[in-house]
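Enquirer: My structure is below; once you've seen it, I'll send some questions.
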Amino acid sequence: MEKTISKSQNSDRLRELATAPVWRLLVKYSLPAVVGTVVSAVYNIIDSIVIGHAIDDPNVVAGIAVTFPVMMLATALGMLIGVGAATRISIVMGQKDKPMAELILGNCVMLTCGIGLVYMGAFAAFLNPLLKLFGASPNSLPYAREFLLWVLPGMVLMNLTFSYNNVMRATGYPGKAMFTNIIGAVLNAILAPLFLFVFKWGIRGAAIATDLSMVVTAFFVMSHFFKKSSELHFVRGTFRLHADVIKSVIYIGMAPFLISVAGSAINAIVNNSLLKYGGDDAIASVVVFNRFVTIFVFIVMGICQGMQPILGYNYGSGRFDRLFRTLWLAAGTAVVVTTTGSLVGAFNPRTIASMFMQDEQQITCAINCLKITTMGFWMVGFQVVCTNFFQSLGMATKAVFLSLTRQVLFMIPMLLILPPRFGLDGVWACYPICDVVAAIVAGCMLFWQVRHIKRMGSRLNRLHTELEKDSAITPKN
């Protein structure tokens, strides 16, 4: 009886993807994802705001800035396993191979913990040269070092939390996955001000608040998989590593891993350029920009997560009319979101900067940063949707290429050309130029792909028409 109900529910979901209004589907699938992604962004934003106001030293904001590439590397290593695990588990669960899904789950948990312990030890051993490589000055280095030493243990838990949160969502618990993110953000919002303003623990207080939040959320996520009532749970004997399982997971997770590593490398190059042409104040300013735009980018990413199953199903079933309606609706919504961010950043830079810092000299630098860097940000929403469009249709190579265009193909040459001629403003100008050029490239690739799909749809329609004619002409026995 339970199997019959389950099959009926799955059939209803598929029927909905094919028949329900596109806008309603997009809202239904995107809203939980938007909440989850935005709440995830709150972690770093809360830390930056509290630290900037609790510690009376302008160098502390620059210290937080140079920790960002290191934390991106740690996150990338978590994504290498987590994204691959969620994808592989989704595939084998669809094939009704639950034992294999449990084997993947057990293997990937052990692998995540093992990699986490390795990078935690390596980062701790080489922390000073690593932070200097990523743009730390003698003034900001002590703050960056102290924060990372305390937050590193929590990074392993963060990998477990966000990676297996995706697995939880993939196995039919989207509401629970969203609730996990909310728990961590709320706890961090309470503990960070308490530790900094009341206990006076300094920058390590923000790190400890993050660690404790990760302990709670990691426990919540992992406890889900220890329950036998869960659709997928830990089973004895699945924790022994299997080479084939690990290879298949890493193969899928390699694309987001490389994108995150590239982002970390670009952050390091940008920080060093900022240190050269603007000093610690400029590095502190980029914290304000990154934290501000993260909210809008994460909203767009949530929209894309909701868009993916709708696109994939209708592309596979040949419903190209619904495919295009979903694409244009998602792209239009994303552009509205990033345009809002661009306008807010351009017309309210002082308000935004004052949220993260107290020093007037730093605020002035951040205002100039926001006015220039947000000029092209309105096009970012379109570029992100285009990238996810190709990913949703299984065109991974094109998706990876578009993901790397802005960060690698355009940003690095711009950083070599503009700053030597225009100084700090040249660094800031790299952002809008790369945003616009990357969006144009994405638009060209999307235009070509849409034309190709339309031609394919026309051929299918002609084939169906010919088959119907043949059927009508053929005499019946």
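Going through the structure tokens in order, the chains are called A, B, and so on, while each chain numbers its residues from 1 and the ligands are numbered from 1 in the order shown.
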Please provide the set of residues having any atom within 9 Å of Gly184 (chain A), restricted to only C-alpha atoms, with same-chain residues fewer than 4 positions apart removed, written as a list in words.

Expert: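 Listed by chain and then number, they are Val39, Ser40, Tyr43, Phe179, Thr180, Asn188, Ala189, Thr210, Leu212, Ser213, Met214, Val215, Val216 and Thr217 of chain A.
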
Enquirer: Just want the 8 Å neighbourhood of region 435-448 of chain A, counted on only C-alpha atoms, with same-chain residues fewer than 3 positions away dropped. Output as number ranges by chain.

Expert: A: 376-377, 379-380, 382-383, 386-387, 402, 405-406, 410, 431-432, 451-452

Enquirer: How would the residues just chosen look if you wrote them out with C-alpha atoms as a JSON list (two decimals), in the first residue's frame?

Expert:
[["chain", "number", "residue", "atom", "x", "y", "z"],
["A", 376, "GLY", "CA", 27.47, 46.42, -13.90],
["A", 377, "PHE", "CA", 26.04, 44.24, -11.16],
["A", 379, "MET", "CA", 23.66, 42.07, -15.43],
["A", 380, "VAL", "CA", 24.97, 39.39, -13.06],
["A", 382, "PHE", "CA", 21.19, 37.17, -16.29],
["A", 383, "GLN", "CA", 24.65, 35.63, -16.47],
["A", 386, "CYS", "CA", 22.34, 31.44, -18.35],
["A", 387, "THR", "CA", 25.03, 29.36, -16.66],
["A", 402, "LEU", "CA", 30.49, 30.42, -18.37],
["A", 405, "THR", "CA", 34.60, 33.55, -17.91],
["A", 406, "ARG", "CA", 34.16, 36.41, -15.45],
["A", 410, "PHE", "CA", 38.23, 38.50, -18.01],
["A", 431, "TYR", "CA", 34.21, 44.47, -11.61],
["A", 432, "PRO", "CA", 31.56, 46.18, -13.80],
["A", 451, "ARG", "CA", 17.93, 28.69, -31.80],
["A", 452, "HIS", "CA", 19.32, 25.15, -31.83]]

Enquirer: So the first atom is CA of Leu404 (chain A) and the second is CA of Thr339 (chain A); what is the distance between them in Å, to one decimal place?

Expert: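 Here the two named atoms are 22.0 Å from each other.
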
Enquirer: Go through A:Ala125, A:Ile417, A:Val408, A:Val50 one by one, measure the shortest atom-to-atom distance of each to Ala429 (chain A) using only C-alpha atoms, and give the residue with the smallest value.

Expert: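 Using only C-alpha atoms, the shortest distance to Ala429 (chain A) belongs to A:Ile417.
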
Enquirer: Mind pulling up the distance from CA of Gly318 (chain A) to CA of Gln449 (chain A)?

Expert: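 Result for CA of Gln449 (chain A) versus CA of Gly318 (chain A): 14.8 Å, one decimal.
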
Enquirer: Report as a VMD selection string all protein, DNA and RNA residues lying within 8 Å of Phe239 (chain A), evaluated on only C-alpha atoms, omitting residues in the same chain fewer than 5 positions from it.

Expert: chain A and resid 103 106 to 107 109 to 110

Enquirer: For the atom pair CA of Ala218 (chain A) and CA of Thr161 (chain A), what is the interatomic distance in Å to one decimal place?

Expert: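 Taking CA of Ala218 (chain A) and CA of Thr161 (chain A), their separation equals 4.8 Å.
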
Enquirer: With only C-alpha atoms as the atoms that count, which of A:Ile81, A:Ile104, A:Ile295, A:Ile310 lies nearest to Ile250 (chain A)?

Expert: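 Closest to Ile250 (chain A) of all the choices is A:Ile81.
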
Enquirer: Please list as an MDAnalysis selection string every residue within 12 Å of Thr364 (chain A), counting only C-alpha atoms and excluding residues in the same chain fewer than 2 positions away.

Expert: chainID A and resid 281:282 284:285 288 349:354 357:362 366:371

Enquirer: Generate the output file for the selected residues, C-alpha atoms, as a short mmCIF file (atom, residue, chain, number, x, y, z; two decimals), in the first residue's frame.

Expert:
data_model
loop_
_atom_site.label_atom_id
_atom_site.label_comp_id
_atom_site.auth_asym_id
_atom_site.auth_seq_id
_atom_site.Cartn_x
_atom_site.Cartn_y
_atom_site.Cartn_z
CA ASP A 281 41.30 50.37 3.69
CA ALA A 282 40.74 49.11 0.13
CA ALA A 284 38.29 46.33 3.98
CA SER A 285 36.09 47.97 1.34
CA VAL A 288 31.56 45.49 2.26
CA PRO A 349 26.64 53.37 -0.29
CA ARG A 350 27.18 55.23 3.00
CA THR A 351 24.38 53.33 4.75
CA ILE A 352 25.79 50.00 3.57
CA ALA A 353 29.39 50.86 4.47
CA SER A 354 28.40 52.11 7.93
CA MET A 357 32.77 49.67 9.67
CA GLN A 358 33.22 52.69 11.95
CA ASP A 359 36.34 54.43 10.64
CA GLU A 360 35.40 57.43 8.45
CA GLN A 361 38.39 56.99 6.15
CA GLN A 362 37.41 53.38 5.51
CA ALA A 366 33.99 51.79 0.69
CA ILE A 367 31.54 54.38 -0.71
CA ASN A 368 33.75 54.87 -3.77
CA CYS A 369 34.08 51.09 -4.09
CA LEU A 370 30.33 50.50 -4.05
CA LYS A 371 29.55 53.29 -6.53
#

Enquirer: With distances taken over only C-alpha atoms, which of A:Ala330, A:Ile182, A:Ala206, A:Val198 is nearest to Val38 (chain A)?

Expert: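 Among the listed residues, the smallest separation from Val38 (chain A) belongs to A:Ile182.
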
Enquirer: Out of A:Leu105, A:Met72, A:Leu31, A:Leu194, which residue has the shortest atom-to-atom distance to Asp47 (chain A) when counting only C-alpha atoms?

Expert: A:Leu194

Enquirer: When you count only C-alpha atoms, which of these residues is closest to Leu111 (chain A): A:Leu127, A:Val245, A:Ile283, A:Ile433?

Expert: A:Val245

Enquirer: Which residues are near Phe199 (chain A)? Cut-off 12 Å, only C-alpha atoms, ignore same chain within fewer than 6 positions. Put them as a list in words.

Expert: Ala54, Leu191, Ala192, Pro193, Gly205, Ala206, Ile208 and Ala209 of chain A

Enquirer: Can I get the selection written as a CSV table (one decimal), in the first residue's frame, with N, CA and C atoms?

Expert:
chain,number,residue,atom,x,y,z
A,54,ALA,N,32.3,45.9,17.1
A,54,ALA,CA,32.7,45.5,18.4
A,54,ALA,C,34.2,45.8,18.7
A,191,LEU,N,24.8,34.4,19.3
A,191,LEU,CA,26.1,34.2,20.0
A,191,LEU,C,27.1,35.2,19.7
A,192,ALA,N,27.2,35.6,18.4
A,192,ALA,CA,28.3,36.6,18.0
A,192,ALA,C,28.3,37.9,18.8
A,193,PRO,N,27.1,38.6,18.8
A,193,PRO,CA,27.1,39.8,19.7
A,193,PRO,C,27.3,39.5,21.1
A,205,GLY,N,35.9,35.6,19.5
A,205,GLY,CA,34.5,35.4,19.9
A,205,GLY,C,33.6,35.1,18.7
A,206,ALA,N,33.8,35.8,17.6
A,206,ALA,CA,33.0,35.6,16.3
A,206,ALA,C,33.3,34.2,15.8
A,208,ILE,N,34.3,31.6,17.5
A,208,ILE,CA,33.7,30.6,18.4
A,208,ILE,C,32.2,30.5,18.2
A,209,ALA,N,31.5,31.7,18.0
A,209,ALA,CA,30.1,31.7,17.7
A,209,ALA,C,29.8,30.9,16.5

Enquirer: For Phe134 (chain A), which residue out of A:Ile51, A:Ile190, A:Leu149, A:Leu275 is the nearest one, using only C-alpha atoms?

Expert: A:Leu275

Enquirer: How would you write, as a short mmCIF file (atom, residue, chain, number, x, y, z; two decimals) with N, CA and C atoms, in the first residue's frame, the set of residues in region 230-380 of chain A that DSSP gives as alpha helix (DSSP H)?

Expert:
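Saved file result-v1.cif follows:
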data_model
loop_
_atom_site.label_atom_id
_atom_site.label_comp_id
_atom_site.auth_asym_id
_atom_site.auth_seq_id
_atom_site.Cartn_x
_atom_site.Cartn_y
_atom_site.Cartn_z
N ALA A 243 36.86 2.53 -4.04
CA ALA A 243 37.47 3.39 -5.06
C ALA A 243 36.48 3.82 -6.13
N ASP A 244 35.62 2.91 -6.59
CA ASP A 244 34.67 3.24 -7.65
C ASP A 244 33.67 4.31 -7.19
N VAL A 245 33.22 4.18 -5.95
CA VAL A 245 32.27 5.16 -5.40
C VAL A 245 32.93 6.53 -5.31
N ILE A 246 34.15 6.57 -4.80
CA ILE A 246 34.86 7.83 -4.62
C ILE A 246 35.11 8.50 -5.97
N LYS A 247 35.52 7.72 -6.97
CA LYS A 247 35.79 8.28 -8.30
C LYS A 247 34.53 8.91 -8.90
N SER A 248 33.40 8.20 -8.78
CA SER A 248 32.17 8.72 -9.38
C SER A 248 31.71 10.00 -8.70
N VAL A 249 31.92 10.09 -7.38
CA VAL A 249 31.53 11.29 -6.63
C VAL A 249 32.43 12.46 -6.98
N ILE A 250 33.74 12.23 -7.01
CA ILE A 250 34.69 13.30 -7.30
C ILE A 250 34.53 13.81 -8.73
N TYR A 251 34.21 12.91 -9.66
CA TYR A 251 34.01 13.32 -11.05
C TYR A 251 32.90 14.36 -11.16
N ILE A 252 31.80 14.13 -10.45
CA ILE A 252 30.67 15.06 -10.51
C ILE A 252 30.99 16.34 -9.75
N GLY A 253 31.67 16.20 -8.60
CA GLY A 253 31.95 17.36 -7.76
C GLY A 253 33.10 18.22 -8.24
N MET A 254 33.82 17.77 -9.27
CA MET A 254 35.02 18.49 -9.71
C MET A 254 34.69 19.87 -10.28
N ALA A 255 33.56 20.00 -11.01
CA ALA A 255 33.23 21.29 -11.63
C ALA A 255 33.01 22.38 -10.59
N PRO A 256 32.11 22.20 -9.60
CA PRO A 256 31.96 23.26 -8.59
C PRO A 256 33.21 23.46 -7.76
N PHE A 257 34.00 22.39 -7.58
CA PHE A 257 35.26 22.51 -6.85
C PHE A 257 36.22 23.44 -7.59
N LEU A 258 36.39 23.24 -8.89
CA LEU A 258 37.30 24.07 -9.67
C LEU A 258 36.84 25.52 -9.72
N ILE A 259 35.52 25.71 -9.80
CA ILE A 259 34.97 27.07 -9.82
C ILE A 259 35.28 27.79 -8.51
N SER A 260 35.13 27.09 -7.40
CA SER A 260 35.42 27.70 -6.09
C SER A 260 36.91 27.97 -5.91
N VAL A 261 37.74 27.05 -6.38
CA VAL A 261 39.19 27.27 -6.30
C VAL A 261 39.59 28.48 -7.14
N ALA A 262 39.01 28.59 -8.34
CA ALA A 262 39.28 29.76 -9.19
C ALA A 262 38.84 31.04 -8.49
N GLY A 263 37.67 30.99 -7.82
CA GLY A 263 37.20 32.16 -7.09
C GLY A 263 38.15 32.54 -5.97
N SER A 264 38.70 31.55 -5.28
CA SER A 264 39.66 31.81 -4.22
C SER A 264 40.93 32.45 -4.77
N ALA A 265 41.41 31.92 -5.90
CA ALA A 265 42.62 32.46 -6.51
C ALA A 265 42.40 33.91 -6.96
N ILE A 266 41.24 34.19 -7.55
CA ILE A 266 40.96 35.56 -8.00
C ILE A 266 40.86 36.49 -6.80
N ASN A 267 40.26 36.02 -5.71
CA ASN A 267 40.21 36.83 -4.50
C ASN A 267 41.60 37.19 -4.00
N ALA A 268 42.52 36.23 -4.09
CA ALA A 268 43.89 36.49 -3.67
C ALA A 268 44.54 37.55 -4.55
N ILE A 269 44.33 37.44 -5.88
CA ILE A 269 44.91 38.41 -6.81
C ILE A 269 44.32 39.80 -6.57
N VAL A 270 42.99 39.85 -6.38
CA VAL A 270 42.33 41.13 -6.12
C VAL A 270 42.84 41.76 -4.84
N ASN A 271 42.95 40.95 -3.77
CA ASN A 271 43.43 41.47 -2.49
C ASN A 271 44.84 42.05 -2.60
N ASN A 272 45.69 41.38 -3.34
CA ASN A 272 47.05 41.89 -3.50
C ASN A 272 47.08 43.18 -4.32
N SER A 273 46.21 43.27 -5.33
CA SER A 273 46.11 44.52 -6.10
C SER A 273 45.60 45.66 -5.22
N LEU A 274 44.60 45.35 -4.39
CA LEU A 274 44.04 46.36 -3.48
C LEU A 274 45.08 46.81 -2.46
N LEU A 275 45.85 45.86 -1.94
CA LEU A 275 46.88 46.21 -0.96
C LEU A 275 47.93 47.12 -1.60
N LYS A 276 48.25 46.88 -2.86
CA LYS A 276 49.26 47.66 -3.56
C LYS A 276 48.79 49.08 -3.86
N TYR A 277 47.53 49.21 -4.30
CA TYR A 277 47.04 50.51 -4.76
C TYR A 277 46.18 51.26 -3.74
N GLY A 279 45.91 49.90 -0.04
CA GLY A 279 46.21 49.53 1.35
C GLY A 279 45.07 48.76 2.01
N ASP A 280 45.15 48.67 3.34
CA ASP A 280 44.17 47.90 4.11
C ASP A 280 42.76 48.46 4.01
N ASP A 281 42.63 49.78 3.82
CA ASP A 281 41.30 50.37 3.69
C ASP A 281 40.58 49.83 2.45
N ALA A 282 41.33 49.64 1.37
CA ALA A 282 40.74 49.11 0.13
C ALA A 282 40.33 47.65 0.32
N ILE A 283 41.16 46.88 1.01
CA ILE A 283 40.81 45.47 1.27
C ILE A 283 39.57 45.40 2.16
N ALA A 284 39.49 46.29 3.14
CA ALA A 284 38.29 46.33 3.98
C ALA A 284 37.06 46.69 3.17
N SER A 285 37.22 47.55 2.17
CA SER A 285 36.09 47.97 1.34
C SER A 285 35.51 46.82 0.53
N VAL A 286 36.39 45.93 0.09
CA VAL A 286 35.90 44.81 -0.72
C VAL A 286 35.08 43.85 0.13
N VAL A 287 35.31 43.83 1.44
CA VAL A 287 34.46 43.04 2.34
C VAL A 287 33.02 43.55 2.27
N VAL A 288 32.89 44.88 2.32
CA VAL A 288 31.56 45.49 2.26
C VAL A 288 30.87 45.12 0.95
N PHE A 289 31.58 45.26 -0.16
CA PHE A 289 31.01 44.92 -1.46
C PHE A 289 30.61 43.45 -1.54
N ASN A 290 31.53 42.55 -1.14
CA ASN A 290 31.24 41.12 -1.23
C ASN A 290 30.06 40.71 -0.37
N ARG A 291 30.03 41.20 0.87
CA ARG A 291 28.94 40.83 1.77
C ARG A 291 27.60 41.39 1.26
N PHE A 292 27.63 42.59 0.71
CA PHE A 292 26.40 43.23 0.22
C PHE A 292 25.84 42.47 -0.97
N VAL A 293 26.67 42.21 -1.99
CA VAL A 293 26.14 41.58 -3.21
C VAL A 293 25.82 40.10 -2.99
N THR A 294 26.42 39.48 -1.96
CA THR A 294 26.16 38.07 -1.70
C THR A 294 24.67 37.81 -1.50
N ILE A 295 23.99 38.71 -0.81
CA ILE A 295 22.56 38.53 -0.57
C ILE A 295 21.81 38.39 -1.89
N PHE A 296 22.07 39.27 -2.84
CA PHE A 296 21.35 39.28 -4.11
C PHE A 296 21.76 38.09 -4.99
N VAL A 297 23.06 37.76 -4.98
CA VAL A 297 23.53 36.62 -5.76
C VAL A 297 22.91 35.32 -5.23
N PHE A 298 22.81 35.20 -3.92
CA PHE A 298 22.25 33.98 -3.33
C PHE A 298 20.75 33.86 -3.61
N ILE A 299 20.05 34.99 -3.70
CA ILE A 299 18.64 34.94 -4.10
C ILE A 299 18.53 34.38 -5.53
N VAL A 300 19.39 34.86 -6.41
CA VAL A 300 19.40 34.38 -7.79
C VAL A 300 19.75 32.89 -7.84
N MET A 301 20.71 32.47 -7.02
CA MET A 301 21.07 31.05 -6.98
C MET A 301 19.89 30.20 -6.51
N GLY A 302 19.12 30.72 -5.56
CA GLY A 302 17.92 30.00 -5.13
C GLY A 302 16.90 29.88 -6.24
N ILE A 303 16.74 30.95 -7.02
CA ILE A 303 15.83 30.90 -8.18
C ILE A 303 16.31 29.84 -9.16
N CYS A 304 17.60 29.77 -9.38
CA CYS A 304 18.17 28.79 -10.31
C CYS A 304 17.96 27.36 -9.81
N GLN A 305 18.10 27.16 -8.50
CA GLN A 305 17.86 25.82 -7.95
C GLN A 305 16.42 25.39 -8.18
N GLY A 306 15.49 26.33 -8.05
CA GLY A 306 14.09 26.02 -8.33
C GLY A 306 13.81 25.82 -9.80
N MET A 307 14.58 26.50 -10.64
CA MET A 307 14.40 26.41 -12.09
C MET A 307 14.87 25.07 -12.65
N GLN A 308 15.90 24.49 -12.05
CA GLN A 308 16.56 23.32 -12.63
C GLN A 308 15.63 22.13 -12.89
N PRO A 309 14.85 21.66 -11.90
CA PRO A 309 13.99 20.50 -12.20
C PRO A 309 12.93 20.77 -13.25
N ILE A 310 12.44 22.01 -13.33
CA ILE A 310 11.42 22.36 -14.33
C ILE A 310 12.04 22.32 -15.72
N LEU A 311 13.23 22.91 -15.86
CA LEU A 311 13.91 22.90 -17.16
C LEU A 311 14.25 21.49 -17.58
N GLY A 312 14.86 20.73 -16.65
CA GLY A 312 15.32 19.39 -16.99
C GLY A 312 14.19 18.49 -17.45
N TYR A 313 13.06 18.51 -16.72
CA TYR A 313 11.94 17.64 -17.07
C TYR A 313 11.35 18.02 -18.43
N ASN A 314 11.10 19.30 -18.64
CA ASN A 314 10.44 19.72 -19.88
C ASN A 314 11.37 19.63 -21.08
N TYR A 315 12.68 19.75 -20.87
CA TYR A 315 13.63 19.53 -21.96
C TYR A 315 13.62 18.06 -22.36
N GLY A 316 13.64 17.18 -21.33
CA GLY A 316 13.63 15.75 -21.61
C GLY A 316 12.36 15.28 -22.28
N PHE A 320 9.32 22.23 -25.21
CA PHE A 320 10.23 23.37 -25.31
C PHE A 320 9.52 24.70 -25.04
N ASP A 321 8.21 24.76 -25.28
CA ASP A 321 7.49 25.99 -24.97
C ASP A 321 7.55 26.30 -23.48
N ARG A 322 7.36 25.27 -22.64
CA ARG A 322 7.44 25.44 -21.19
C ARG A 322 8.89 25.69 -20.74
N LEU A 323 9.82 25.07 -21.45
CA LEU A 323 11.25 25.28 -21.17
C LEU A 323 11.60 26.75 -21.31
N PHE A 324 11.18 27.36 -22.42
CA PHE A 324 11.53 28.76 -22.67
C PHE A 324 10.79 29.71 -21.74
N ARG A 325 9.52 29.40 -21.42
CA ARG A 325 8.79 30.26 -20.50
C ARG A 325 9.46 30.27 -19.12
N THR A 326 9.91 29.11 -18.69
CA THR A 326 10.61 29.02 -17.40
C THR A 326 11.91 29.82 -17.44
N LEU A 327 12.66 29.65 -18.52
CA LEU A 327 13.93 30.35 -18.67
C LEU A 327 13.74 31.86 -18.62
N TRP A 328 12.81 32.38 -19.41
CA TRP A 328 12.65 33.85 -19.47
C TRP A 328 12.08 34.41 -18.17
N LEU A 329 11.21 33.65 -17.52
CA LEU A 329 10.66 34.10 -16.24
C LEU A 329 11.76 34.15 -15.18
N ALA A 330 12.59 33.11 -15.14
CA ALA A 330 13.69 33.08 -14.17
C ALA A 330 14.71 34.18 -14.46
N ALA A 331 15.04 34.36 -15.74
CA ALA A 331 16.02 35.39 -16.12
C ALA A 331 15.49 36.78 -15.79
N GLY A 332 14.22 37.04 -16.10
CA GLY A 332 13.64 38.34 -15.79
C GLY A 332 13.62 38.62 -14.29
N THR A 333 13.24 37.62 -13.51
CA THR A 333 13.21 37.78 -12.04
C THR A 333 14.61 38.03 -11.51
N ALA A 334 15.59 37.28 -12.03
CA ALA A 334 16.98 37.43 -11.57
C ALA A 334 17.51 38.82 -11.89
N VAL A 335 17.20 39.35 -13.07
CA VAL A 335 17.66 40.69 -13.44
C VAL A 335 17.04 41.74 -12.53
N VAL A 336 15.76 41.57 -12.18
CA VAL A 336 15.11 42.49 -11.25
C VAL A 336 15.84 42.48 -9.90
N VAL A 337 16.21 41.29 -9.44
CA VAL A 337 16.90 41.15 -8.15
C VAL A 337 18.24 41.86 -8.17
N THR A 338 19.07 41.58 -9.19
CA THR A 338 20.41 42.18 -9.22
C THR A 338 20.36 43.66 -9.58
N THR A 339 19.35 44.07 -10.34
CA THR A 339 19.19 45.50 -10.61
C THR A 339 18.86 46.25 -9.33
N THR A 340 18.04 45.64 -8.49
CA THR A 340 17.74 46.23 -7.18
C THR A 340 19.02 46.39 -6.36
N GLY A 341 19.85 45.35 -6.38
CA GLY A 341 21.13 45.44 -5.67
C GLY A 341 22.02 46.53 -6.23
N SER A 342 22.04 46.65 -7.56
CA SER A 342 22.86 47.67 -8.20
C SER A 342 22.41 49.08 -7.82
N LEU A 343 21.09 49.30 -7.79
CA LEU A 343 20.56 50.63 -7.45
C LEU A 343 20.79 50.96 -5.97
N VAL A 344 20.57 49.97 -5.11
CA VAL A 344 20.79 50.20 -3.67
C VAL A 344 22.26 50.52 -3.40
N GLY A 345 23.15 49.78 -4.05
CA GLY A 345 24.57 50.03 -3.86
C GLY A 345 25.02 51.37 -4.38
N ALA A 346 24.41 51.82 -5.49
CA ALA A 346 24.80 53.09 -6.10
C ALA A 346 24.28 54.29 -5.33
N PHE A 347 23.06 54.18 -4.79
CA PHE A 347 22.42 55.35 -4.18
C PHE A 347 22.45 55.36 -2.64
N PRO A 349 25.36 54.00 -0.68
CA PRO A 349 26.64 53.37 -0.29
C PRO A 349 27.05 53.67 1.15
N ARG A 350 26.76 54.89 1.63
CA ARG A 350 27.18 55.23 3.00
C ARG A 350 26.45 54.36 4.03
N THR A 351 25.15 54.16 3.82
CA THR A 351 24.38 53.33 4.75
C THR A 351 24.94 51.92 4.81
N ILE A 352 25.26 51.37 3.64
CA ILE A 352 25.79 50.00 3.57
C ILE A 352 27.16 49.93 4.24
N ALA A 353 28.04 50.87 3.90
CA ALA A 353 29.39 50.86 4.47
C ALA A 353 29.36 51.01 5.99
N SER A 354 28.48 51.86 6.48
CA SER A 354 28.40 52.11 7.93
C SER A 354 27.92 50.90 8.71
N MET A 355 27.26 49.96 8.03
CA MET A 355 26.84 48.74 8.71
C MET A 355 28.03 47.87 9.10
N PHE A 356 29.13 47.96 8.32
CA PHE A 356 30.25 47.04 8.51
C PHE A 356 31.47 47.69 9.16
N GLU A 360 35.91 56.57 9.52
CA GLU A 360 35.40 57.43 8.45
C GLU A 360 36.23 57.30 7.18
N GLN A 361 37.53 57.15 7.32
CA GLN A 361 38.39 56.99 6.15
C GLN A 361 38.04 55.70 5.39
N GLN A 362 37.81 54.64 6.15
CA GLN A 362 37.41 53.38 5.51
C GLN A 362 36.04 53.51 4.86
N ILE A 363 35.12 54.18 5.52
CA ILE A 363 33.77 54.35 4.97
C ILE A 363 33.83 55.11 3.65
N THR A 364 34.65 56.16 3.58
CA THR A 364 34.81 56.93 2.35
C THR A 364 35.33 56.06 1.21
N CYS A 365 36.30 55.21 1.53
CA CYS A 365 36.86 54.29 0.53
C CYS A 365 35.81 53.29 0.07
N ALA A 366 35.02 52.77 1.02
CA ALA A 366 33.99 51.79 0.69
C ALA A 366 32.88 52.41 -0.16
N ILE A 367 32.56 53.69 0.09
CA ILE A 367 31.54 54.38 -0.71
C ILE A 367 31.97 54.43 -2.17
N ASN A 368 33.22 54.82 -2.40
CA ASN A 368 33.75 54.87 -3.77
C ASN A 368 33.74 53.49 -4.41
N CYS A 369 34.09 52.47 -3.62
CA CYS A 369 34.08 51.09 -4.09
C CYS A 369 32.69 50.68 -4.56
N LEU A 370 31.69 50.91 -3.73
CA LEU A 370 30.33 50.50 -4.05
C LEU A 370 29.78 51.23 -5.28
N LYS A 371 30.06 52.52 -5.38
CA LYS A 371 29.55 53.29 -6.53
C LYS A 371 30.06 52.74 -7.85
N ILE A 372 31.33 52.29 -7.86
CA ILE A 372 31.92 51.81 -9.12
C ILE A 372 31.60 50.34 -9.36
N THR A 373 31.79 49.51 -8.34
CA THR A 373 31.66 48.06 -8.54
C THR A 373 30.24 47.61 -8.84
N VAL A 380 24.49 40.64 -13.63
CA VAL A 380 24.97 39.39 -13.06
C VAL A 380 23.85 38.35 -12.99
#

Enquirer: Region 113-119 of chain A: which residues within 12 Å, counting only C-alpha atoms, same-chain residues fewer than 6 positions away excluded, as a PyMOL selection string?

Expert: chain A and resi 70-71+73-82+106-107+125-127+152-161+163+239+241
